[in-house]
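S.K.: Sharing a structure below in structure tokens format, with a few things to ask.
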Amino acid sequence: MKKSDFIFVLIFCIIVLPFLPLGFLKDFQTSFLYHEDYWLYTSFIKFAVLATMGEVIGLRIRTGNYHEKGFGLVPRMIVWGFLGITIKIAFVVFAAGVPVLAEKLFGVAGAKDSMAFKDFFEAADNGMGGARLLTAFLISALMNITYAPVMMTFHKITDIHIAQQGGSLAKFFSPIPIRKIFPAINWDAQWNFIFKKTIPFFWIPMHTINFMVASEYRVVIAAFLGVILGVFLSLAAPKK
């Protein structure tokens with residue numbers, strides 16, 4: 001392990017610490033970090049910090065360095081923070097709407113009632129564990145089939161924009177030439193790996209689990225999953 005690896009692990013542990021279920025952090029977590037009244041700020045913070053860490057880890061695996069010229073750490077944090085807000089909104093919309101759809105069109109009895117319980121264990125104690133599991137899967141599947149590809153494509157566009165601007169924070173706020181960037185995306189990798197593999201084999205199963213836990217923890221779990229995905233993406237990308 002290099003000295004830089006030790007420093008990064010130490011920083012990572014410090015950053016992750018506030019999110020852990022530790023007794024001395026309970027007041028901070030319940031009053032702010034996991035409090036729904038502050039969802040806008042906390043969703044931004046969780047993804048800006050944790051998902052960007054995933055990209056940093058991916059860069060280390062791909063290049064051997066935690067930072068390189070043009071990487072654009074702060075612009076990436078801004079993008080992930082914004083995406084974190086949209087992800088929180090998507091979670092609320094799909095968690096509220098899909099159970100209704102499941103009952104009306106898919107014949108899933110008790111879908112709405114099962115999601116009213118705090119988590120899967122509470123639902124199971126009330127005889128609705130199966131309904132909660134199936135409903136969580138439907139929420140995850142529909143969200144990842146519809147919302148996720150748009151979010152992932154937007155993220156790829158911003159990645160290219162950041163690279164084209166040399167990672168500069170000031171230039172990052174220049175208009176994004178989406179019409180020019182869109183055809184420059186490696187659609188072979190975007191479709192065959194990002195869409196066809198990570199969505200069905202990673203995101204749908206993981207978010208099925210995510211929608212089985214209490215709602216206040218879903219965004220931070222999704223942000224932690226972003227760390228793991230950053231590693232996956234680095235393994236799929238050519239090393240420098």
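Convention: chains lettered A, B, ... in structure tokens order; per-chain residue numbering from 1; ligands numbered from 1 as shown.
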Show me, as JSON, numbers by chain, the residues that have an atom within 9 Å of Ser114 of chain A when counting only C-alpha atoms, minus same-chain residues fewer than 5 positions from it.

M.R.: {"A": [99, 119, 120, 123, 124, 126, 128, 129, 130, 131, 132, 133, 135]}

S.K.: Write out as number ranges by chain which residues come within 12 Å of Val49 of chain A when counting only C-alpha atoms, dropping same-chain ones fewer than 4 positions away.

M.R.: A: 11-12, 14-16, 18-19, 42-45, 53-56, 73-82, 84, 220, 223-224, 226-227

S.K.: Step one, run DSSP on the backbone; step two, keep only residues of segment 82-233 of chain A assigned to alpha helix (DSSP H); then write them as a count of residues only.

M.R.: 106

S.K.: By how many Å are atom CA of Val213 of chain A and atom CA of Lys118 of chain A apart?

M.R.: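 We find that atom CA of Val213 of chain A and atom CA of Lys118 of chain A lie 7.0 Å from each other.
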
S.K.: So which residues touch Ile162 of chain A within 9 Å, counting only C-alpha atoms, skipping near sequence neighbours fewer than 2 positions away, as number ranges by chain?

M.R.: A: 70-72, 75-76, 157-160, 164-169, 171-172

S.K.: Which is closer to Ser4 of chain A than all the others in A:Ile57, A:Leu83, A:Ile185, A:Ile139, using only C-alpha atoms?

M.R.: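 Ranking A:Ile57, A:Leu83, A:Ile185, A:Ile139 by distance to Ser4 of chain A, first place goes to A:Ile57.
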
S.K.: May I ask which of the residues A:Thr146, A:Gln190, A:Ser140, A:Thr86 is the closest one to Ile209 of chain A, counting only C-alpha atoms?

M.R.: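 For Ile209 of chain A, the nearest of the candidates is A:Ser140.
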
S.K.: Do you have the atom CA of Ile228 of chain A-atom CA of Phe117 of chain A distance handy?

M.R.: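 That distance, rounded to one decimal, is 28.3 Å.
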
S.K.: Quick one, how far is atom CA of Ile7 of chain A from atom CA of Leu22 of chain A?

M.R.: 23.2 Å

S.K.: Quick one: everything within 10 Å of Ile145 of chain A, counting only C-alpha atoms, minus sequence neighbours fewer than 5 positions away in the same chain. Send it as a list in words.

M.R.: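 With the cut-off at 10 Å, the set is Ser140, Val150, Phe195, Ile199, Pro200, Trp203 and Ile204 of chain A.
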
S.K.: Store the residues picked out above, limited to all heavy atoms, as a compact mmCIF listing (two decimals), in the first residue's frame.

M.R.:
```txt
# COMPACT_ATOMS: atom_id res chain seq x y z
N SER A 140 -38.11 -0.68 -7.98
CA SER A 140 -36.73 -0.64 -8.45
C SER A 140 -36.65 -0.84 -9.96
O SER A 140 -35.94 -0.11 -10.66
CB SER A 140 -35.90 -1.69 -7.73
OG SER A 140 -34.58 -1.72 -8.23
N VAL A 150 -31.76 7.93 -18.29
CA VAL A 150 -31.68 9.39 -18.50
C VAL A 150 -30.63 10.00 -17.58
O VAL A 150 -29.80 10.81 -17.99
CB VAL A 150 -33.05 10.05 -18.27
CG1 VAL A 150 -32.95 11.56 -18.43
CG2 VAL A 150 -34.09 9.48 -19.23
N PHE A 195 -26.06 0.19 -19.48
CA PHE A 195 -27.49 -0.10 -19.49
C PHE A 195 -27.80 -1.59 -19.36
O PHE A 195 -28.59 -2.00 -18.52
CB PHE A 195 -28.13 0.44 -20.78
CG PHE A 195 -28.14 1.93 -20.90
CD1 PHE A 195 -28.45 2.54 -22.10
CD2 PHE A 195 -27.83 2.74 -19.81
CE1 PHE A 195 -28.47 3.92 -22.21
CE2 PHE A 195 -27.83 4.13 -19.91
CZ PHE A 195 -28.15 4.72 -21.13
N ILE A 199 -27.67 -2.10 -14.99
CA ILE A 199 -29.07 -1.90 -14.58
C ILE A 199 -29.73 -3.21 -14.13
O ILE A 199 -30.23 -3.29 -13.01
CB ILE A 199 -29.89 -1.21 -15.70
CG1 ILE A 199 -29.47 0.27 -15.79
CG2 ILE A 199 -31.39 -1.30 -15.41
CD1 ILE A 199 -30.17 1.04 -16.89
N PRO A 200 -29.74 -4.27 -14.95
CA PRO A 200 -30.42 -5.50 -14.50
C PRO A 200 -29.67 -6.29 -13.44
O PRO A 200 -30.30 -6.92 -12.59
CB PRO A 200 -30.57 -6.31 -15.79
CG PRO A 200 -29.46 -5.86 -16.66
CD PRO A 200 -29.27 -4.39 -16.35
N TRP A 203 -28.14 -2.51 -10.36
CA TRP A 203 -29.02 -1.49 -9.82
C TRP A 203 -30.39 -2.03 -9.41
O TRP A 203 -30.90 -1.70 -8.33
CB TRP A 203 -29.19 -0.34 -10.82
CG TRP A 203 -27.97 0.51 -10.90
CD1 TRP A 203 -27.16 0.69 -11.98
CD2 TRP A 203 -27.40 1.30 -9.84
NE1 TRP A 203 -26.12 1.53 -11.66
CE2 TRP A 203 -26.24 1.92 -10.37
CE3 TRP A 203 -27.75 1.53 -8.52
CZ2 TRP A 203 -25.44 2.76 -9.59
CZ3 TRP A 203 -26.95 2.37 -7.75
CH2 TRP A 203 -25.82 2.98 -8.30
N ILE A 204 -31.02 -2.84 -10.26
CA ILE A 204 -32.35 -3.35 -9.90
C ILE A 204 -32.31 -4.23 -8.64
O ILE A 204 -33.10 -4.02 -7.71
CB ILE A 204 -33.00 -4.09 -11.08
CG1 ILE A 204 -33.37 -3.08 -12.18
CG2 ILE A 204 -34.26 -4.84 -10.63
CD1 ILE A 204 -33.99 -3.69 -13.42
```

S.K.: Tell me which of A:Trp191, A:Lys88, A:Asn144, A:Met152 sits closest to Tyr38 of chain A, counting only C-alpha atoms.

M.R.: A:Lys88

S.K.: Using only C-alpha atoms for the distances, tell me which of A:Phe202, A:Lys156, A:Phe106, A:Phe28 is nearest to Ile181 of chain A.

M.R.: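 Between A:Phe202, A:Lys156, A:Phe106, A:Phe28, the residue approaching Ile181 of chain A most closely is A:Lys156.
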